[in-house]
Each structure stands twice: as structure tokens, then as C-alpha cells.
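Following: one structure in C-alpha cells, then a few remarks.
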Amino acid sequence: MKKDCAPVAIFTYIRFKKLKKIINQLKKNKLSKKTDIFFFSDAAKNDSELKKVDKVRKYLKKIEGFKKKNIIFRNKNLGNGTNIIKGVNEVFKRYNKIIVLEDDLDIGENFLTFMNNCLHKYNKNKKIWHVGGWTYDINIKNEYDIFFSGVMNCWGWATWKDKWKFFEKKPEKLINYFNKDYNKKNKFNLNGRINYYNQILRNDNKRINTWAVFWYAQIFKNKGLCISPNISLVKNDGFDKQSTQSHPDHFMNILYKTRINKKKNFNLPDVVNEKFDYYKLLEKFFRSKINFVTKSKYILNNLIRKF
């Protein structure tokens with residue numbers, strides 16, 4: 001198989017400064033000039049956002065430094081979830097693999113190398129469905145630079161066309177699937193630590209419009225595994241007032257603080273084995289971060305802001 005670079009799809013809306021930041025970070029990756037890049041620019045929700053969207057789109061037209069640039073301007077506001085689903089599908093009409101970024105992420109200079117190495121090495125492995133660039137800040141004892149688990153993280157990720165073909169956003173179907181088996185639902189929710197199932201319910205009643213939980217659900221149903229780096233190559237810079245899904249002051253955000261791995265070379269295993277002890281480490285990590293004290297501080301701060 002030819003070791004060519006996967007195309008990168010960037011999804012953007014009105015965050016001009018953050019978009020500019022991640023483009024500059026991408027250019028510092030040595031593979032950027034060998035990479036085709038797609039920009040999916042969502043349209044304004046209302047008149048007050050027209051200027052912000054226009055500023056982003058003018059900047060997109062000026063970007064250079066990649067092998068080939070493709071810009072898709074949405075004619076109506078799709079929302080982040082629909083924009084990503086449609087965009088990934090569009091890229092897979094021309095390519096067999098993809099790297100996906102959103103404009104509110106920070107990435108390291110090694111990001112493209114890591115993602116492409118993993119996409120190439122595990123291309124034919126039927127167990128691996130997803131390559132993640134972000135991971136929880138947990139001390140992983142491992143002789144390699146990655147591990148395999150059922151935990152899907154979507155901040156800087158990649159996959160292959162033959163895996164993505166199973167993606168579907170059908171909340172009713174998933175609700176029926178999980179309601180038949182409590183143990184499956186509990187495992188899907190990381191033993192009750194994060195209520196992913198509730199995200200499916202909220203999509204079903206149109207309270208939110210997201211995509212990632214449905215990709216995770218397909219990986220889960222098909223007993224697929226995800227690649228995670230021991231140390232994150234990505235940071236989420238999106239916890240602000242422009243965030244569509246998360247409040248910048250929510251107590252859960254403490255889980256997502258990470259550092260960025262600066263390694264240039266990565267040691268990847270030839271044999272794929274699920275790291276079962278990771279789930280216990282993850283539960284311990286959640287318990288240490290989200291407890292009575294952190295929740296109490298969150299409630300107190302909310303009360304203070306109201307008065």
C-alpha cells in the first residue's frame with residue numbers, strides 16, 4: 001500500500017482567531033505540504049453572525065501551504081453535528097481515509113505524523129475503527145506510545161472509509177438497542193461515569209444536534225477498538241461562550257485538561273490487544289476529579305454569579 005497522507009477535514013463556523021491558530025499549527029507539521037485539506041464552513045444562524053462567517057470565509061480563501069485546498073461554503077446553517085456528518089461523507093467519496101479537526105482545537109507539530117502512521121499501520125486491521133489524537137491525562141504504563149480500548153475520543157481523530165460506512169444517526173434504533181440490556185447501557189456509559197446514552201435521548205427529542213455519540217455507538221455495537229496516544233497530541237480550546245455544546249465553567253471540564261505530547265517518533269505495536277486495565281484507571285481518574293467537592297464548588301459559583 002502506498003504510504004500517502006490522509007486528507008484533513010476542518011470544520012469551522014465563526015471562531016476566526018481559533019481557526020487561524022490551528023492552521024498555523026498544522027503548517028508546522030512537516031507533512032502539511034503533502035496533505036490535501038478540506039474546509040467546511042457552516043453558514044450563519046442569523047444576521048448578527050453574518051460578518052463573523054464572512055471574516056472566516058475571506059481568510060479561508062487566502063490559506064496556502066497545503067498540497068491541495070478544497071473549500072465548501074454551506075448555504076444554510078447545518079449545525080456542527082450535521083456539518084461534520086455530511087463533510088466526512090463528502091470526503092469519503094474521493095478518499096479511503098480521513099483526519100478530522102474542528103477549529104477550536106490546539107495540535108502539536110507531530111499530529112499529522114502520528115495520525116498518518118496509525119492510519120497506515122492499522123489500515124487492514126478489522127478490530128481498529130478509530131484513531132484518536134486526544135486522551136485523558138492519565139499516567140499510562142505502556143512499552144508503546146499508544147494503547148487500544150473501546151473508549152472513543154473525538155477531538156482530533158481519524159478513520160477509514162470501510163469503517164465509517166457503518167455510521168448512522170438513528171437515535172430510536174439505539175434507544176431500543178440499549179433499553180434491551182442494562183449491562184450494555186452501563187458499559188456504554190463507562191460504568192455510569194459519563195451519560196452518553198442521555199446524549200442519544202437528547203438528539204432524539206431535538207434538544208441537541210451532535211454526531212460523535214452515534215459514531216461511538218457503532219464502534220461499541222461492533223466491538224471495535226480505538227487507538228489512543230499515551231499522552232495527548234491535542235488540547236480542546238473550545239470551552240468558551242461560543243461553544244455550542246458545553247458551558248465554559250461546567251465542573252466536568254476538569255476532566256478534559258491535557259498537555260500535548262512533543263515526541264517526534266512513535267513506537268506502535270504490531271499486535272493489537274485491548275488494554276483492559278485502562279478502564280479501571282479511567283474510573284479512578286473520574287473519581288479523583290469529579291467528586292462532592294468539585295460539584296459543590298460548581299454549584300456555589302453558579303449561585304454567586306446569579307447574585
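Residues in the C-alpha cells are numbered from 1 in each chain, the chains being A, B, ... in the order shown, and ligands are numbered from 1 in the order shown.
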Surrounding residues of A:Lys173 excluding itself and chain neighbours under 2 positions, 12 Å, only C-alpha atoms, as a list in words: Glu168, Lys169, Lys170, Pro171, Ile175, Asn176, Tyr177, Phe178, Asn179, Lys180, Ile200, Leu201, Asp204, Phe214, Ala217, Gln218 and Lys221 of chain A
Can you list, as a ChimeraX atom specification, every residue of stretch 1-189 of chain A that DSSP puts in strand (DSSP E)? /A:8-12,36-41,68-73,97-102,105-107,128-132,146-149,157-160
A:Tyr136 surroundings by only C-alpha atoms, 12 Å radius, close-in-sequence under 3 positions cut, as a ChimeraX atom specification: /A:132-133,139-140,151-155,228-236,253-260,278-279,281-286,289
Nearby residues (only C-alpha atoms) at most 8 Å from A:Asp104, same-chain spacing under 3 positions excluded, as a PyMOL selection string: chain A and resi 15+18-19+22+236-238
Among listed residues A:Ile63, A:Val272, A:Leu105, A:Leu50, nearest A:Trp134 (using only C-alpha atoms): A:Leu105
Using DSSP on the backbone coordinates, identify all residues within stretch 84-248 of chain A classified as alpha helix (DSSP H); present the result as an NGL selection string. :A and (84-91 or 111-121 or 161-164 or 171-179 or 182-188 or 196-204 or 212-221)
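Rounded to one decimal, atom CA of A:Phe276 and atom CA of A:Thr210 lie 28.4 Å from each other.
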Give me the residues within 12 Å of A:Lys67 as a VMD selection string, counting only C-alpha atoms and dropping any in the same chain fewer than 2 places off. chain A and resid 4 to 8 27 31 to 38 63 to 65 69 to 70
Convert the current residue selection to file output with N, CA, C and O atoms, as a PDB file, in the first residue's frame.
ATOM      1  N   ASP A   4       0.612   7.269   1.419  1.00  0.00           N
ATOM      2  CA  ASP A   4       0.283   8.657   1.151  1.00  0.00           C
ATOM      3  C   ASP A   4      -0.401   9.277   2.362  1.00  0.00           C
ATOM      4  O   ASP A   4      -0.870   8.575   3.251  1.00  0.00           O
ATOM      5  N   CYS A   5      -0.456  10.592   2.387  1.00  0.00           N
ATOM      6  CA  CYS A   5      -1.040  11.294   3.530  1.00  0.00           C
ATOM      7  C   CYS A   5      -2.561  11.338   3.428  1.00  0.00           C
ATOM      8  O   CYS A   5      -3.114  11.567   2.348  1.00  0.00           O
ATOM      9  N   ALA A   6      -3.212  11.131   4.534  1.00  0.00           N
ATOM     10  CA  ALA A   6      -4.668  11.232   4.576  1.00  0.00           C
ATOM     11  C   ALA A   6      -5.090  12.684   4.436  1.00  0.00           C
ATOM     12  O   ALA A   6      -4.403  13.590   4.924  1.00  0.00           O
ATOM     13  N   PRO A   7      -6.219  12.943   3.771  1.00  0.00           N
ATOM     14  CA  PRO A   7      -6.731  14.315   3.708  1.00  0.00           C
ATOM     15  C   PRO A   7      -7.202  14.768   5.087  1.00  0.00           C
ATOM     16  O   PRO A   7      -7.635  13.945   5.905  1.00  0.00           O
ATOM     17  N   VAL A   8      -7.111  16.057   5.327  1.00  0.00           N
ATOM     18  CA  VAL A   8      -7.578  16.636   6.587  1.00  0.00           C
ATOM     19  C   VAL A   8      -8.847  17.448   6.321  1.00  0.00           C
ATOM     20  O   VAL A   8      -8.868  18.281   5.410  1.00  0.00           O
ATOM     21  N   LYS A  27       0.495  23.959   9.796  1.00  0.00           N
ATOM     22  CA  LYS A  27       1.609  24.273   8.888  1.00  0.00           C
ATOM     23  C   LYS A  27       2.961  23.901   9.485  1.00  0.00           C
ATOM     24  O   LYS A  27       3.926  23.677   8.748  1.00  0.00           O
ATOM     25  N   LEU A  31       4.314  17.228   7.430  1.00  0.00           N
ATOM     26  CA  LEU A  31       3.534  16.589   6.368  1.00  0.00           C
ATOM     27  C   LEU A  31       2.478  17.510   5.766  1.00  0.00           C
ATOM     28  O   LEU A  31       1.748  17.101   4.857  1.00  0.00           O
ATOM     29  N   SER A  32       2.370  18.737   6.238  1.00  0.00           N
ATOM     30  CA  SER A  32       1.304  19.631   5.782  1.00  0.00           C
ATOM     31  C   SER A  32       1.346  19.879   4.271  1.00  0.00           C
ATOM     32  O   SER A  32       0.305  19.905   3.602  1.00  0.00           O
ATOM     33  N   LYS A  33       2.548  20.035   3.712  1.00  0.00           N
ATOM     34  CA  LYS A  33       2.671  20.326   2.282  1.00  0.00           C
ATOM     35  C   LYS A  33       2.344  19.117   1.410  1.00  0.00           C
ATOM     36  O   LYS A  33       2.177  19.250   0.199  1.00  0.00           O
ATOM     37  N   LYS A  34       2.246  17.936   2.029  1.00  0.00           N
ATOM     38  CA  LYS A  34       1.888  16.718   1.298  1.00  0.00           C
ATOM     39  C   LYS A  34       0.424  16.334   1.525  1.00  0.00           C
ATOM     40  O   LYS A  34      -0.004  15.261   1.116  1.00  0.00           O
ATOM     41  N   THR A  35      -0.310  17.230   2.185  1.00  0.00           N
ATOM     42  CA  THR A  35      -1.666  16.910   2.640  1.00  0.00           C
ATOM     43  C   THR A  35      -2.728  17.724   1.901  1.00  0.00           C
ATOM     44  O   THR A  35      -2.624  18.955   1.810  1.00  0.00           O
ATOM     45  N   ASP A  36      -3.746  17.042   1.395  1.00  0.00           N
ATOM     46  CA  ASP A  36      -4.924  17.723   0.861  1.00  0.00           C
ATOM     47  C   ASP A  36      -5.793  18.164   2.039  1.00  0.00           C
ATOM     48  O   ASP A  36      -5.974  17.398   2.996  1.00  0.00           O
ATOM     49  N   ILE A  37      -6.334  19.375   1.952  1.00  0.00           N
ATOM     50  CA  ILE A  37      -7.117  19.898   3.070  1.00  0.00           C
ATOM     51  C   ILE A  37      -8.491  20.360   2.605  1.00  0.00           C
ATOM     52  O   ILE A  37      -8.636  20.946   1.523  1.00  0.00           O
ATOM     53  N   PHE A  38      -9.485  20.045   3.402  1.00  0.00           N
ATOM     54  CA  PHE A  38     -10.872  20.446   3.133  1.00  0.00           C
ATOM     55  C   PHE A  38     -11.341  21.365   4.257  1.00  0.00           C
ATOM     56  O   PHE A  38     -11.126  21.072   5.435  1.00  0.00           O
ATOM     57  N   ILE A  63      -5.656  31.007   2.515  1.00  0.00           N
ATOM     58  CA  ILE A  63      -4.769  30.000   3.109  1.00  0.00           C
ATOM     59  C   ILE A  63      -3.946  29.275   2.048  1.00  0.00           C
ATOM     60  O   ILE A  63      -4.464  28.851   1.013  1.00  0.00           O
ATOM     61  N   GLU A  64      -2.657  29.142   2.329  1.00  0.00           N
ATOM     62  CA  GLU A  64      -1.748  28.383   1.472  1.00  0.00           C
ATOM     63  C   GLU A  64      -0.907  27.447   2.348  1.00  0.00           C
ATOM     64  O   GLU A  64      -0.982  27.501   3.562  1.00  0.00           O
ATOM     65  N   GLY A  65      -0.119  26.595   1.697  1.00  0.00           N
ATOM     66  CA  GLY A  65       0.797  25.751   2.454  1.00  0.00           C
ATOM     67  C   GLY A  65       0.430  24.285   2.474  1.00  0.00           C
ATOM     68  O   GLY A  65       1.108  23.485   3.133  1.00  0.00           O
ATOM     69  N   LYS A  69      -6.156  22.519  -1.740  1.00  0.00           N
ATOM     70  CA  LYS A  69      -7.151  23.096  -0.833  1.00  0.00           C
ATOM     71  C   LYS A  69      -8.543  23.005  -1.453  1.00  0.00           C
ATOM     72  O   LYS A  69      -8.745  23.304  -2.619  1.00  0.00           O
ATOM     73  N   ASN A  70      -9.500  22.580  -0.634  1.00  0.00           N
ATOM     74  CA  ASN A  70     -10.903  22.498  -1.040  1.00  0.00           C
ATOM     75  C   ASN A  70     -11.745  23.250  -0.012  1.00  0.00           C
ATOM     76  O   ASN A  70     -11.639  22.984   1.186  1.00  0.00           O
TER      77      ASN A  70
END
What lies within 12 Å of stretch 41-47 of chain A using only C-alpha atoms, ignoring chain neighbours under 6 positions off, as JSON, numbers by chain? {"A": [9, 10, 11, 12, 13, 14, 15, 16, 19, 53, 54, 55, 56, 57, 58, 59, 60, 61, 70, 71, 72, 73, 74, 75, 76, 77, 78, 79, 80, 81, 82, 83, 84, 86, 87, 102, 103]}
Quick one: everything within 7 Å of A:Glu109, counting only C-alpha atoms, minus sequence neighbours fewer than 2 positions away in the same chain. Send it as a list in words. Gln25, Lys28, Asn29, Ile107 and Phe111 of chain A
Between A:Lys275, A:Lys184, A:Lys280, A:Lys21, which has the minimum distance to A:Ile146 (counting only C-alpha atoms)? A:Lys275
For A:Asn261, the nearest of the candidates A:Phe166, A:Phe114, A:Trp160, A:Phe220, counting only C-alpha atoms: A:Phe114
